[in-house]
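Structure data (compact mmCIF, C-alpha atoms) from entry16.txt:
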```txt
# COMPACT_ATOMS: atom_id res chain seq x y z
CA MET A 22 -19.10 -28.98 26.46
CA GLN A 23 -22.37 -28.53 24.58
CA ASN A 24 -22.64 -24.73 24.74
CA VAL A 25 -20.87 -23.24 21.69
CA ALA A 26 -21.00 -19.69 23.04
CA GLU A 27 -19.34 -20.73 26.30
CA ALA A 28 -16.70 -22.78 24.48
CA CYS A 29 -15.88 -19.83 22.22
CA ARG A 30 -15.69 -17.48 25.20
CA GLN A 31 -13.22 -19.78 26.95
CA ALA A 32 -11.19 -20.24 23.74
CA ARG A 33 -11.32 -16.48 23.13
CA THR A 34 -12.59 -16.84 19.58
CA SER A 35 -15.76 -15.83 17.78
CA GLU A 36 -18.62 -18.17 17.04
CA SER A 37 -18.24 -17.48 13.31
CA THR A 38 -14.65 -18.70 13.51
CA PHE A 39 -15.83 -21.83 15.34
CA TYR A 40 -18.42 -22.63 12.70
CA TYR A 41 -15.93 -21.96 9.89
CA TRP A 42 -13.44 -24.46 11.28
CA ARG A 43 -16.16 -26.95 12.31
CA ALA A 44 -17.39 -27.14 8.71
CA ARG A 45 -13.84 -27.79 7.51
CA PHE A 46 -13.39 -30.49 10.14
CA GLU A 47 -16.65 -32.19 9.24
CA GLN A 48 -15.66 -32.29 5.55
CA GLY A 49 -12.06 -33.42 5.87
CA GLY A 50 -11.23 -34.27 9.47
CA TYR A 51 -8.00 -33.16 11.13
CA GLU A 52 -6.16 -33.13 7.81
CA ALA A 53 -8.45 -30.33 6.57
CA LEU A 54 -7.50 -28.26 9.61
CA ARG A 55 -3.80 -28.55 8.82
CA GLU A 56 -4.09 -27.29 5.26
CA PHE A 57 -5.34 -23.79 4.67
CA ALA A 58 -4.57 -20.97 2.26
CA LYS A 59 -2.27 -18.21 3.38
CA PRO A 60 -3.94 -14.81 3.62
CA GLY A 61 -1.65 -13.07 1.15
CA PRO A 62 1.78 -12.88 -0.43
CA ALA A 63 4.74 -13.63 1.79
CA ARG A 64 6.60 -10.37 1.12
CA GLY A 65 3.78 -7.90 0.67
CA ILE A 66 2.80 -6.19 -2.52
CA GLN A 67 5.54 -6.12 -5.15
CA VAL A 68 6.14 -2.87 -7.01
CA VAL A 69 6.40 -3.13 -10.79
CA ALA A 70 9.97 -2.69 -12.10
CA HIS A 71 9.21 0.38 -14.23
CA VAL A 72 7.70 2.14 -11.21
CA GLN A 73 10.81 1.34 -9.19
CA GLU A 74 12.94 2.80 -11.98
CA LYS A 75 10.84 5.99 -11.98
CA VAL A 76 11.26 6.31 -8.21
CA VAL A 77 15.04 6.01 -8.49
CA ALA A 78 15.18 8.43 -11.45
CA LEU A 79 13.09 11.05 -9.64
CA LYS A 80 15.25 10.84 -6.52
CA LYS A 81 18.44 11.19 -8.56
CA LYS A 82 17.00 14.14 -10.46
CA HIS A 83 15.61 15.80 -7.31
CA PRO A 84 17.70 14.72 -4.32
CA ASP A 85 15.86 17.08 -1.98
CA TRP A 86 12.48 15.40 -2.59
CA GLY A 87 11.19 13.05 0.08
CA LYS A 88 9.13 9.91 -0.14
CA ARG A 89 5.77 11.69 -0.06
CA ARG A 90 6.71 14.13 -2.83
CA ILE A 91 7.93 11.33 -5.08
CA ALA A 92 4.75 9.31 -4.49
CA ASP A 93 2.66 12.42 -5.27
CA GLU A 94 4.59 13.14 -8.48
CA LEU A 95 4.02 9.59 -9.68
CA ALA A 96 0.32 9.89 -8.85
CA LYS A 97 0.15 13.20 -10.74
CA GLU A 98 1.56 11.51 -13.85
CA ASN A 99 -1.12 8.82 -13.44
CA GLY A 100 -4.12 11.17 -13.32
CA TRP A 101 -3.81 11.50 -9.53
CA VAL A 102 -4.34 7.80 -9.03
CA PRO A 103 -1.68 6.61 -6.57
CA LEU A 104 0.80 4.12 -8.02
CA ILE A 105 2.83 3.61 -4.88
CA SER A 106 2.71 4.51 -1.21
CA PRO A 107 5.27 6.86 0.37
CA ASN A 108 6.60 3.99 2.50
CA ALA A 109 7.10 1.83 -0.59
CA VAL A 110 9.04 4.73 -2.13
CA ARG A 111 11.22 4.81 0.99
CA ARG A 112 11.81 1.04 0.81
CA ILE A 113 12.88 1.30 -2.84
CA LEU A 114 15.22 4.19 -2.07
CA VAL A 115 16.77 2.31 0.87
CA GLU A 116 17.31 -0.76 -1.32
CA ASN A 117 19.06 1.41 -3.93
CA GLY A 118 21.20 3.29 -1.41
CA LEU A 119 19.44 6.60 -2.06
CA TRP A 120 17.80 6.96 1.34
CA ARG A 121 20.00 7.63 4.28
CA VAL A 122 18.77 5.60 7.20
CA ARG A 123 19.54 7.86 10.09
CA GLU A 124 20.44 6.51 13.43
CA GLU A 125 17.88 7.33 16.02
CA ALA A 126 19.48 10.15 17.96
CA SER A 127 16.93 9.79 20.69
CA THR A 128 17.21 6.08 21.41
CA GLN A 129 17.48 6.93 25.07
CA LYS A 130 14.63 8.79 26.61
CA LYS A 131 15.50 12.38 27.34
CA ASP A 132 15.48 13.44 30.94
CA SER A 133 12.35 15.11 32.11
CA ASN A 134 12.71 18.51 33.71
CA ARG A 135 12.25 16.97 37.14
CA GLN A 136 15.03 14.42 36.55
CA ALA A 137 17.37 17.10 35.23
CA ALA A 138 16.68 19.30 38.26
CA ARG A 139 17.37 16.37 40.60
CA ARG A 140 20.63 15.65 38.84
CA GLN A 141 21.74 19.29 39.13
CA ASN A 142 20.85 19.31 42.84
CA GLN A 143 22.91 16.17 43.40
CA VAL A 144 25.93 17.77 41.72
CA LYS A 145 25.65 20.89 43.90
CA ALA A 146 25.43 18.92 47.13
```
structure tokens encoding of this file:
Amino acid sequence: MQNVAEACRQARTSESTFYYWRARFEQGGYEALREFAKPGPARGIQVVAHVQEKVVALKKKHPDWGKRRIADELAKENGWVPLISPNAVRRILVENGLWRVREEASTQKKDSNRQAARRQNQVKA
């Protein structure tokens, strides 16, 4: 197939992706297509140990604070430049047993009003 646009449409990829991989293939053949750099770290961004310690200390000192409040307090200490995201705070607290992972009470969908009314009518009949 000589038409690059048509080939990309059928392969569901962009032309820029095609040309990127074509250049790699022309330089190193199939072997160059097998080896490529990973886009980032395998486990996400790692939080520095002293920040983790501060998160744990703040939670122990203020057990009623949530993940957002702790992240904001750490940012306040750093001139309002965020050091850590609220979800990273939560992950650290879970790893240290300071965040209670609650079971989803609503794992089953709640009945709609129509379903509840139908159920009541069936009981009466």
- Close residues, Arg55 in chain A itself excluded, 12 Å, all atoms listed in the file, min 6 positions apart in chain, as a count of residues only: 4
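With only C-alpha atoms as the atoms that count, the residue of A:Glu52, A:Lys88, A:Ala26, A:Thr38 with the shortest distance to Val76 in chain A is A:Lys88.
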- Message: So that I can see what lies close to Asp93 in chain A, please list as a PyMOL selection string the residues with an atom at most 12 Å from it, counting all atoms listed in the file and leaving out residues fewer than 3 positions away in the same chain.
- Response: chain A and resi 76+79+86-90+96-107+110
- What is the CA of Ala109 in chain A-CA of Lys82 in chain A distance in Å, reported with one decimal?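 Rounded to one decimal, the two atoms are 18.6 Å apart.
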- Task: Find the distance between CA of Lys75 in chain A and CA of Leu95 in chain A and write it in Å to one decimal.
- Result: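 It comes out at 8.0 Å.
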- Item | Distance in Å - CA of Pro84 in chain A versus CA of His71 in chain A |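 One can read the CA of Pro84 in chain A to CA of His71 in chain A distance as 19.4 Å.
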Adding 3 Å on each side of the box along x, y and z that holds all listed atoms of range 28-43 of chain A, could you give its centre and edge lengths in Å to one decimal, as lines of an AutoDock Vina configuration file?
```
center_x = -14.9
center_y = -21.4
center_z = 18.4
size_x = 13.4
size_y = 17.1
size_z = 23.1
```
Reconstruct range 89-121 of chain A at the level of N, CA and C atoms, and format the result as a tab-separated table (two decimals), keeping the file's coordinate frame.
```tsv
chain	number	residue	atom	x	y	z
A	89	ARG	N	7.14	11.26	0.23
A	89	ARG	CA	5.77	11.69	-0.06
A	89	ARG	C	5.70	12.47	-1.37
A	90	ARG	N	6.70	13.34	-1.60
A	90	ARG	CA	6.71	14.13	-2.83
A	90	ARG	C	6.87	13.24	-4.06
A	91	ILE	N	7.73	12.24	-3.95
A	91	ILE	CA	7.93	11.33	-5.08
A	91	ILE	C	6.66	10.54	-5.36
A	92	ALA	N	6.01	10.05	-4.31
A	92	ALA	CA	4.75	9.31	-4.49
A	92	ALA	C	3.69	10.20	-5.12
A	93	ASP	N	3.64	11.48	-4.70
A	93	ASP	CA	2.66	12.42	-5.27
A	93	ASP	C	2.95	12.72	-6.73
A	94	GLU	N	4.23	12.87	-7.08
A	94	GLU	CA	4.59	13.14	-8.48
A	94	GLU	C	4.20	11.97	-9.38
A	95	LEU	N	4.41	10.75	-8.89
A	95	LEU	CA	4.02	9.59	-9.68
A	95	LEU	C	2.50	9.51	-9.82
A	96	ALA	N	1.79	9.87	-8.78
A	96	ALA	CA	0.32	9.89	-8.85
A	96	ALA	C	-0.15	10.97	-9.82
A	97	LYS	N	0.53	12.11	-9.83
A	97	LYS	CA	0.15	13.20	-10.74
A	97	LYS	C	0.29	12.75	-12.19
A	98	GLU	N	1.36	12.03	-12.49
A	98	GLU	CA	1.56	11.51	-13.85
A	98	GLU	C	0.49	10.49	-14.22
A	99	ASN	N	-0.14	9.88	-13.22
A	99	ASN	CA	-1.12	8.82	-13.44
A	99	ASN	C	-2.55	9.33	-13.23
A	100	GLY	N	-2.78	10.61	-13.49
A	100	GLY	CA	-4.12	11.17	-13.32
A	100	GLY	C	-4.55	11.23	-11.86
A	101	TRP	N	-3.60	11.41	-10.97
A	101	TRP	CA	-3.81	11.50	-9.53
A	101	TRP	C	-4.32	10.20	-8.91
A	102	VAL	N	-4.06	9.11	-9.60
A	102	VAL	CA	-4.34	7.80	-9.03
A	102	VAL	C	-3.02	7.27	-8.47
A	103	PRO	N	-2.95	7.03	-7.16
A	103	PRO	CA	-1.68	6.61	-6.57
A	103	PRO	C	-1.15	5.31	-7.17
A	104	LEU	N	0.13	5.32	-7.52
A	104	LEU	CA	0.80	4.12	-8.02
A	104	LEU	C	1.53	3.39	-6.91
A	105	ILE	N	1.95	4.15	-5.90
A	105	ILE	CA	2.83	3.61	-4.88
A	105	ILE	C	2.66	4.43	-3.61
A	106	SER	N	2.84	3.80	-2.49
A	106	SER	CA	2.71	4.51	-1.21
A	106	SER	C	4.05	5.18	-0.87
A	107	PRO	N	4.02	6.22	-0.05
A	107	PRO	CA	5.27	6.86	0.37
A	107	PRO	C	6.23	5.88	1.05
A	108	ASN	N	5.71	4.95	1.83
A	108	ASN	CA	6.60	3.99	2.50
A	108	ASN	C	7.21	3.00	1.52
A	109	ALA	N	6.51	2.68	0.45
A	109	ALA	CA	7.10	1.83	-0.59
A	109	ALA	C	8.20	2.59	-1.32
A	110	VAL	N	8.00	3.89	-1.53
A	110	VAL	CA	9.04	4.73	-2.13
A	110	VAL	C	10.28	4.69	-1.25
A	111	ARG	N	10.09	4.84	0.05
A	111	ARG	CA	11.22	4.81	0.99
A	111	ARG	C	11.95	3.47	0.91
A	112	ARG	N	11.19	2.37	0.88
A	112	ARG	CA	11.81	1.04	0.81
A	112	ARG	C	12.65	0.90	-0.44
A	113	ILE	N	12.14	1.37	-1.58
A	113	ILE	CA	12.88	1.30	-2.84
A	113	ILE	C	14.15	2.13	-2.76
A	114	LEU	N	14.05	3.32	-2.18
A	114	LEU	CA	15.22	4.19	-2.07
A	114	LEU	C	16.26	3.60	-1.13
A	115	VAL	N	15.83	2.97	-0.05
A	115	VAL	CA	16.77	2.31	0.87
A	115	VAL	C	17.49	1.18	0.15
A	116	GLU	N	16.72	0.37	-0.60
A	116	GLU	CA	17.31	-0.76	-1.32
A	116	GLU	C	18.33	-0.31	-2.36
A	117	ASN	N	18.15	0.90	-2.91
A	117	ASN	CA	19.06	1.41	-3.93
A	117	ASN	C	20.11	2.36	-3.36
A	118	GLY	N	20.19	2.45	-2.05
A	118	GLY	CA	21.20	3.29	-1.41
A	118	GLY	C	20.97	4.78	-1.58
A	119	LEU	N	19.74	5.18	-1.85
A	119	LEU	CA	19.44	6.60	-2.06
A	119	LEU	C	18.71	7.21	-0.88
A	120	TRP	N	18.47	6.46	0.15
A	120	TRP	CA	17.80	6.96	1.34
A	120	TRP	C	18.73	6.70	2.51
A	121	ARG	N	19.09	7.76	3.15
A	121	ARG	CA	20.00	7.63	4.28
A	121	ARG	C	19.19	7.24	5.50
```
